[in-house]
Amino acid sequence: MKPLFNIYLLFALYFYRLLAWVCGVFMRKRCGADGILFLENFPIENAGYQYRAYKWKEMFEKNGQRCEVLTIFANKNDFDEQFRNMPMLLVRAMRRRFRQCLYARQFAVVIVRRELLQFNDYGNLFMEKFLLQIHPNVILDFDDDISASKKEPRKITNLYGRLLQENGNKFNDSLRLYKRFVVGSDYLKVIVLSENKNVGKDDVLVMPTCVDYNNSPAKAYNNKTEEIVFGWIGGNHNLHYLDMLVEPLNRLMGDFMFKLVVVAGCDYANANAKFIIENKKWSLESEKDLIKSFDIGLMPIYDNAVGRGKCGFKLLQYMGLGVVGIATNVTVNGEIITDGENGFLVNANNSDWYEVLKKTLSLQNKYAELGANARNIVEERYSFEANASRYIEFMQKSLFMN
């Protein structure tokens with residue numbers, strides 16, 4: 001960061017901290033008579049915005065409930081552009097989020113997605129404390145172990161971080177502030193209950209990151225015998241997981257014809273790969289067609305705190321469109337896939353990728369059956385329709401907590 005921007009961020013942080021404190025003292029805690037407000041962090045095209053906020057907005061509205069989704073930077077290009085000047089991004093985010101916290105008082109329930117101030121660990125959770133001080137019904141929603149992904153807890157040793165009151169255990173500390181939660185897995189529910197002893201089991205709703213593919217035809221395999229397409233879709237920060245597949249895929253090259261298609265925001269490359277890697281740019285409009293171009297969808301992860309905190313969304317995307325999935329057997333992946341019936345599991349230490357990939361390549365005549373089974377289980381357990389009644393009931397309870 002440039003020194004001038006450092007000073008500007010320091011000034012802005014203390015200004016909004018003071019403003020939040022003053023408003024918190026003089027504003028009475030209240031909320032609107034009805035309505036649900038999602039406070040999202042990501043732009044509209046992002047999967048988190050779409051599948052953990054906007055699609056639920058549509059479901060709540062069908063149930064007759066007023067609902068709105070607000071984010072900090074709605075346009076993806078605008079969002080990406082902000083990263084060229086991180087201090088200014090943080091300042092703009094504080095300004096917009098502060099206004100949104102005030103606006104939230106017009107709704108009966110507020111759902112905070114992940115963190116109120118994404119990418120900003122400064123100010124020791126002042127914005128969360130402010131919102132909770134002026135609104136009685138605030139719920140935290142998340143579907144990743146954010147603390148693990150940020151390598152928390154961590155010590156703050158630099159002077160600038162201390163001046164800005166940087167919190168090295170921000171996410172876990174935030175868990176102790178809220179009273180109700182929506183989480184993506186039982187694993188995350190355990191984390192909440194362990195961090196917040198004042199929360200009961202009924203205060204934490206386990207809600208998978210559902211998919212909405214009812215109007216999308218499933219993958220058609222037609223007993224194909226030509227080149228097999230392995231596919232992977234995900235965020236740029238997760239591309240490194242593909243490195244563990246290079247060696248087993250190289251070993252298969254002599255016996256099978258295949259290529260790897262990678263759908264992300266930037267290209268994936270590995271100098272050791274002897275097979276074809278085809279990179280495709282992700283977009284919300286092309287996402288479904290790109291996934292259906294896969295014959296086999298891959299989800300390699302590590303059995304560590306970050307991996308255990310994931311909720312299998314990538315796998316649900318494959319399976320929801322009738323694509324055969326292979327995933328590391330870590331936490332929810334083993335709940336989603338029944339090995340050999342609707343997909344395939346690799347052991348948690350990832351040592352048998354070669355064997356599982358080879359077996360899958362030899363079962364082309366079963367792809368259509370496996371894909372149909374995969375789609376069925378997603379429709380039964382991981383679709384919005386299958387989970388709507390539980391979420392609506394949880395929200396209705398929140399509406400009467402005033």
# chains A, B, ... in the order shown; residues from 1 in each chain; ligands from 1

call {"tool": "closest_atom_pairs", "arguments": {"of": "stretch 59-111 of chain A", "to": "stretch 49-54 of chain A", "cutoff": "12 Å", "atoms": "only C-alpha atoms", "output": "CSV"}}
result
residue,atom,partner,partner_atom,distance
A:Met59,CA,A:Tyr54,CA,8.8
A:Phe60,CA,A:Tyr54,CA,9.9
A:Glu61,CA,A:Tyr54,CA,10.6
A:Cys67,CA,A:Tyr54,CA,9.4
A:Glu68,CA,A:Tyr54,CA,8.2
A:Val69,CA,A:Tyr54,CA,6.6
A:Leu70,CA,A:Ala53,CA,9.4
A:Thr71,CA,A:Tyr49,CA,8.5
A:Ile72,CA,A:Tyr49,CA,11.3
A:Phe73,CA,A:Tyr49,CA,11.4
A:Ala74,CA,A:Tyr49,CA,9.6
A:Asn75,CA,A:Tyr49,CA,11.7
A:Lys76,CA,A:Tyr49,CA,11.4
A:Val110,CA,A:Ala53,CA,11.5
A:Ile111,CA,A:Ala53,CA,8.9

call {"tool": "write_last_selection", "arguments": {"atoms": "C-alpha atoms", "output": "mmCIF file, in the first residue's frame"}}
result
data_model
loop_
_atom_site.group_PDB
_atom_site.id
_atom_site.type_symbol
_atom_site.label_atom_id
_atom_site.label_comp_id
_atom_site.auth_asym_id
_atom_site.auth_seq_id
_atom_site.Cartn_x
_atom_site.Cartn_y
_atom_site.Cartn_z
ATOM 1 C CA MET A 59 -38.113 -18.592 -3.027
ATOM 2 C CA PHE A 60 -39.047 -16.258 -0.168
ATOM 3 C CA GLU A 61 -40.920 -13.977 -2.547
ATOM 4 C CA CYS A 67 -36.962 -9.819 0.242
ATOM 5 C CA GLU A 68 -33.959 -7.908 -1.085
ATOM 6 C CA VAL A 69 -30.274 -8.604 -1.733
ATOM 7 C CA LEU A 70 -27.657 -5.861 -1.353
ATOM 8 C CA THR A 71 -23.974 -6.237 -2.086
ATOM 9 C CA ILE A 72 -21.023 -3.855 -2.034
ATOM 10 C CA PHE A 73 -20.024 -3.972 -5.719
ATOM 11 C CA ALA A 74 -22.773 -5.505 -7.849
ATOM 12 C CA ASN A 75 -20.899 -5.403 -11.157
ATOM 13 C CA LYS A 76 -18.152 -8.011 -11.545
ATOM 14 C CA VAL A 110 -31.083 -9.450 8.146
ATOM 15 C CA ILE A 111 -28.871 -12.240 6.794
#

call {"tool": "residues_around", "arguments": {"residues": "stretch 265-270 of chain A", "least_positions_apart": "6", "cutoff": "12 Å", "atoms": "only C-alpha atoms", "output": "PyMOL selection string"}}
result
chain A and resi 45-46+76-77+80+232-247+250+276-284+287

call {"tool": "residues_around", "arguments": {"residues": "A:Gln106", "least_positions_apart": "4", "cutoff": "12 Å", "atoms": "only C-alpha atoms", "output": "list in words"}}
result
Lys29, Arg30, Cys31, Gly32, Ala33, Asp34, Gly35, Ile36, Leu37, Arg66, Cys67, Glu68, Gln100, Cys101, Leu102, Val110, Ile134, His135, Pro136 and Asn137 of chain A

call {"tool": "write_last_selection", "arguments": {"atoms": "C-alpha atoms", "output": "PDB file, in the first residue's frame"}}
result
ATOM      1  CA  LYS A  29     -32.681  -1.102  18.423  1.00  0.00           C
ATOM      2  CA  ARG A  30     -35.567  -1.788  16.061  1.00  0.00           C
ATOM      3  CA  CYS A  31     -36.540  -3.466  12.794  1.00  0.00           C
ATOM      4  CA  GLY A  32     -39.284  -3.409  10.187  1.00  0.00           C
ATOM      5  CA  ALA A  33     -42.531  -5.315  10.520  1.00  0.00           C
ATOM      6  CA  ASP A  34     -41.633  -7.769   7.758  1.00  0.00           C
ATOM      7  CA  GLY A  35     -39.096  -8.539   5.066  1.00  0.00           C
ATOM      8  CA  ILE A  36     -35.734 -10.280   4.731  1.00  0.00           C
ATOM      9  CA  LEU A  37     -32.545  -8.500   3.672  1.00  0.00           C
ATOM     10  CA  ARG A  66     -40.659  -9.209   0.906  1.00  0.00           C
ATOM     11  CA  CYS A  67     -36.962  -9.819   0.242  1.00  0.00           C
ATOM     12  CA  GLU A  68     -33.959  -7.908  -1.085  1.00  0.00           C
ATOM     13  CA  GLN A 100     -26.795  -0.625   4.259  1.00  0.00           C
ATOM     14  CA  CYS A 101     -26.747  -1.302   8.002  1.00  0.00           C
ATOM     15  CA  LEU A 102     -28.967   1.736   8.539  1.00  0.00           C
ATOM     16  CA  VAL A 110     -31.083  -9.450   8.146  1.00  0.00           C
ATOM     17  CA  ILE A 134     -29.295  -1.395  16.086  1.00  0.00           C
ATOM     18  CA  HIS A 135     -31.108  -4.494  14.769  1.00  0.00           C
ATOM     19  CA  PRO A 136     -32.508  -7.370  16.889  1.00  0.00           C
ATOM     20  CA  ASN A 137     -32.692 -10.114  14.229  1.00  0.00           C
TER      21      ASN A 137
END

call {"tool": "select_by_dssp", "arguments": {"residues": "stretch 20-255 of chain A", "states": "strand (DSSP E)", "output": "PyMOL selection string"}}
result
chain A and resi 36-39+67-70+109-113+138-142+180-183+204-206+228-233

call {"tool": "closest_residue", "arguments": {"among": "A:Met94, A:Val262, A:Leu315, A:Met299", "to": "A:Asn350", "atoms": "only C-alpha atoms"}}
result
A:Met299

call {"tool": "atom_distance", "arguments": {"atom1": "atom CA of A:Ala264", "atom2": "atom CA of A:Leu89"}}
result
23.2 Å

call {"tool": "closest_residue", "arguments": {"among": "A:Gly64, A:Pro208, A:Gly343, A:Gly254", "to": "A:Leu188", "atoms": "only C-alpha atoms"}}
result
A:Pro208

call {"tool": "residues_around", "arguments": {"residues": "A:Lys155", "least_positions_apart": "6", "cutoff": "12 Å", "atoms": "only C-alpha atoms", "output": "PyMOL selection string"}}
result
chain A and resi 161-162+165-170

call {"tool": "atom_distance", "arguments": {"atom1": "atom CA of A:Ser216", "atom2": "atom CA of A:Asn365"}}
result
23.0 Å

call {"tool": "closest_residue", "arguments": {"among": "A:Cys23, A:Leu163, A:Ile296, A:Leu205", "to": "A:Arg390", "atoms": "only C-alpha atoms"}}
result
A:Leu205

call {"tool": "closest_residue", "arguments": {"among": "A:Ala220, A:Ser351, A:Thr209, A:Met257", "to": "A:Lys314", "atoms": "only C-alpha atoms"}}
result
A:Thr209

call {"tool": "select_by_dssp", "arguments": {"residues": "stretch 183-278 of chain A", "states": "alpha helix (DSSP H)", "output": "list of chain:residue names"}}
result
A:Asp186, A:Tyr187, A:Leu188, A:Lys189, A:Val190, A:Ile191, A:Val192, A:Leu193, A:Ser194, A:Glu195, A:Asp243, A:Met244, A:Leu245, A:Val246, A:Glu247, A:Pro248, A:Leu249, A:Asn250, A:Arg251, A:Leu252

call {"tool": "residues_around", "arguments": {"residues": "A:Ser194", "least_positions_apart": "6", "cutoff": "12 Å", "atoms": "only C-alpha atoms", "output": "MDAnalysis selection string"}}
result
chainID A and resid 172:173 175:176 187:188 200:201

call {"tool": "closest_residue", "arguments": {"among": "A:Thr157, A:Asn214, A:Gln118, A:Thr360", "to": "A:Ser383", "atoms": "only C-alpha atoms"}}
result
A:Asn214

call {"tool": "closest_residue", "arguments": {"among": "A:Ala20, A:Ala12, A:Val138, A:Val263", "to": "A:Ala104", "atoms": "only C-alpha atoms"}}
result
A:Val138

call {"tool": "residues_around", "arguments": {"residues": "A:Asn304", "least_positions_apart": "2", "cutoff": "10 Å", "atoms": "only C-alpha atoms", "output": "PyMOL selection string"}}
result
chain A and resi 148+301-302+306-309+330+348-349

call {"tool": "write_last_selection", "arguments": {"atoms": "C-alpha atoms", "output": "PDB file, in the first residue's frame"}}
result
ATOM      1  CA  ALA A 148      -9.199 -21.810   8.250  1.00  0.00           C
ATOM      2  CA  ILE A 301      -9.412 -31.327  -2.080  1.00  0.00           C
ATOM      3  CA  TYR A 302      -7.110 -31.917   0.877  1.00  0.00           C
ATOM      4  CA  VAL A 306      -9.849 -25.750   4.717  1.00  0.00           C
ATOM      5  CA  GLY A 307     -10.958 -28.896   2.868  1.00  0.00           C
ATOM      6  CA  ARG A 308     -13.172 -30.116   5.692  1.00  0.00           C
ATOM      7  CA  GLY A 309     -14.887 -26.732   5.746  1.00  0.00           C
ATOM      8  CA  VAL A 330     -13.729 -35.405   2.904  1.00  0.00           C
ATOM      9  CA  ALA A 348      -9.119 -38.764   2.043  1.00  0.00           C
ATOM     10  CA  ASN A 349      -5.335 -38.799   1.592  1.00  0.00           C
TER      11      ASN A 349
END

call {"tool": "residues_around", "arguments": {"residues": "A:Phe394", "least_positions_apart": "3", "cutoff": "10 Å", "atoms": "only C-alpha atoms", "output": "NGL selection string"}}
result
:A and (180-182 or 202-205 or 388-391 or 397-399)
